[in-house]
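Asker: Take this structure, written in structure tokens, and hold onto it; I'll ask about it next.
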Amino acid sequence: MTIRSCAVFCGSRFGNSPVYAEGAKEIGTALARHGITLVYGGGHVGLMGTVADAALQAGGRVIGVIPEFLHAREVMHKGVTQLEVTPDMHTRKARMFELSDAYAIIPGGLGTFDELMEIMTWKQLGLHQEPIYIVNIGGWATSLVDTLNAAVDQGFADPSARRLFTVVQDVPELMEHLSVNVPA
């Protein structure tokens, strides 16, 4: 599998630690420098805006996918390479799925968790085999991973669910995984 594009699921807020925005900037820059197109939620706010701005500033290609109701509220990023407007959130996720060869989950809230759970469920159901990386920037995902493991430990998920995702501790480790499959 060749990684030409990576969806980054992340928050529309900055969170309580500056390390989260630093990580978002780092991933946007790294994707651009490796020639990997950033696919993201299309916003200019929070970590979404940070990751997109960083990729653009590093000369990268950025595809934003935003639902109409957020586009109408003018939270979209007007400077991305390509902006697609979808009728709703479900179509947005499906379109991001179509455009992406890999998925990176960085700090975020409920929307980020929703995106992660859906993309993992799709993988479990055999709808895709693309890699899913949970990037544990500043330890934000430790309790999330504990919850996923608890679902297995308590019998609500098969042990194979642990193979649906890979936890990486930072952006350099993520890029080690992604760059193995980047076209020359």
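Here, A, B, ... name the chains of the structure tokens in the order displayed, residue numbers run from 1 inside each chain, and ligands are numbered from 1 in the same displayed order.
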Write out as a ChimeraX atom specification the residues lying within 9 Å of A:Gly111, counting only C-alpha atoms and excluding same-chain residues fewer than 6 positions away.

Answerer: /A:9-12

Asker: So that I can see what lies close to A:Ser17, please list as an NGL selection string the residues with an atom at most 10 Å from it, counting only C-alpha atoms and leaving out residues fewer than 5 positions away in the same chain.

Answerer: :A and (22 or 138 or 140)

Asker: My list of candidates is A:Gly41, A:Ser143, A:Ala54, A:Ile105. Which is closest to A:Val85 when distances are computed with only C-alpha atoms?

Answerer: A:Gly41

Asker: Of the residues A:Val145, A:Ala161, A:Cys6, A:Val51, which is the one nearest to A:Ile27, using only C-alpha atoms?

Answerer: A:Val51

Asker: I need the residues in chain A that are strand (DSSP E) according to DSSP; give them as a PyMOL selection string.

Answerer: chain A and resi 5-9+37-40+62-67+82-86+102-105+132-135+166-168

Asker: For the residues selected in the previous step, produce a file with N, CA and C atoms as a CSV table (one decimal), in the first residue's frame.

Answerer:
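The result, stored in again26.csv:
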```
chain,number,residue,atom,x,y,z
A,5,SER,N,-2.2,10.0,0.8
A,5,SER,CA,-3.0,10.9,1.5
A,5,SER,C,-3.3,10.4,2.9
A,6,CYS,N,-3.5,11.3,3.9
A,6,CYS,CA,-3.8,10.9,5.2
A,6,CYS,C,-4.8,11.8,5.8
A,7,ALA,N,-5.9,11.2,6.3
A,7,ALA,CA,-6.9,11.9,7.0
A,7,ALA,C,-6.4,12.2,8.4
A,8,VAL,N,-6.5,13.4,8.9
A,8,VAL,CA,-6.2,13.7,10.3
A,8,VAL,C,-7.5,14.1,11.0
A,9,PHE,N,-7.9,13.3,12.0
A,9,PHE,CA,-9.1,13.6,12.8
A,9,PHE,C,-8.6,14.3,14.0
A,37,THR,N,-0.8,14.2,1.0
A,37,THR,CA,-1.9,15.1,1.1
A,37,THR,C,-2.6,15.0,2.4
A,38,LEU,N,-2.9,16.1,3.0
A,38,LEU,CA,-3.7,16.2,4.2
A,38,LEU,C,-5.1,16.2,3.8
A,39,VAL,N,-5.9,15.3,4.4
A,39,VAL,CA,-7.4,15.3,4.3
A,39,VAL,C,-7.9,15.6,5.7
A,40,TYR,N,-8.7,16.6,5.8
A,40,TYR,CA,-9.2,16.9,7.2
A,40,TYR,C,-10.6,17.6,7.1
A,62,VAL,N,-3.7,20.3,0.7
A,62,VAL,CA,-4.7,20.1,1.7
A,62,VAL,C,-6.1,20.1,1.2
A,63,ILE,N,-6.8,19.0,1.5
A,63,ILE,CA,-8.2,18.8,1.1
A,63,ILE,C,-9.1,18.9,2.3
A,64,GLY,N,-9.9,19.9,2.4
A,64,GLY,CA,-10.9,20.1,3.5
A,64,GLY,C,-12.2,19.5,3.0
A,65,VAL,N,-12.9,18.8,3.9
A,65,VAL,CA,-14.2,18.3,3.6
A,65,VAL,C,-15.1,18.8,4.8
A,66,ILE,N,-16.1,19.6,4.4
A,66,ILE,CA,-16.9,20.2,5.5
A,66,ILE,C,-18.4,20.1,5.1
A,67,PRO,N,-19.2,19.8,6.1
A,67,PRO,CA,-20.7,19.8,5.9
A,67,PRO,C,-21.2,21.2,5.6
A,82,GLN,N,-8.1,22.4,-1.8
A,82,GLN,CA,-9.4,21.9,-2.3
A,82,GLN,C,-10.4,21.9,-1.2
A,83,LEU,N,-11.5,22.5,-1.3
A,83,LEU,CA,-12.6,22.4,-0.3
A,83,LEU,C,-13.8,21.8,-0.9
A,84,GLU,N,-14.3,20.7,-0.2
A,84,GLU,CA,-15.5,20.0,-0.7
A,84,GLU,C,-16.5,20.2,0.4
A,85,VAL,N,-17.7,20.6,0.0
A,85,VAL,CA,-18.9,20.8,0.9
A,85,VAL,C,-19.8,19.6,0.7
A,86,THR,N,-20.1,19.0,1.8
A,86,THR,CA,-21.1,17.8,1.8
A,86,THR,C,-22.4,18.2,2.4
A,102,ALA,N,-4.7,6.5,4.8
A,102,ALA,CA,-4.3,6.3,6.2
A,102,ALA,C,-5.1,7.3,7.0
A,103,TYR,N,-5.1,7.0,8.3
A,103,TYR,CA,-5.9,7.8,9.2
A,103,TYR,C,-5.0,8.1,10.5
A,104,ALA,N,-4.9,9.4,10.9
A,104,ALA,CA,-4.2,9.7,12.1
A,104,ALA,C,-5.1,10.5,13.0
A,105,ILE,N,-5.2,10.0,14.2
A,105,ILE,CA,-6.1,10.6,15.2
A,105,ILE,C,-5.2,11.4,16.2
A,132,ILE,N,-4.7,2.8,10.8
A,132,ILE,CA,-5.3,3.8,11.7
A,132,ILE,C,-4.3,4.0,12.8
A,133,TYR,N,-3.8,5.3,13.0
A,133,TYR,CA,-2.8,5.6,14.0
A,133,TYR,C,-3.4,6.6,15.0
A,134,ILE,N,-3.4,6.2,16.3
A,134,ILE,CA,-3.7,7.1,17.4
A,134,ILE,C,-2.4,7.7,17.8
A,135,VAL,N,-2.3,9.0,17.7
A,135,VAL,CA,-1.1,9.7,18.0
A,135,VAL,C,-1.3,10.3,19.4
A,166,THR,N,-3.0,1.4,15.6
A,166,THR,CA,-1.7,1.4,16.2
A,166,THR,C,-1.5,2.7,17.0
A,167,VAL,N,-1.0,2.6,18.2
A,167,VAL,CA,-0.8,3.8,19.0
A,167,VAL,C,0.7,4.2,18.8
A,168,VAL,N,0.9,5.4,18.5
A,168,VAL,CA,2.2,6.0,18.3
A,168,VAL,C,2.3,7.2,19.3
```
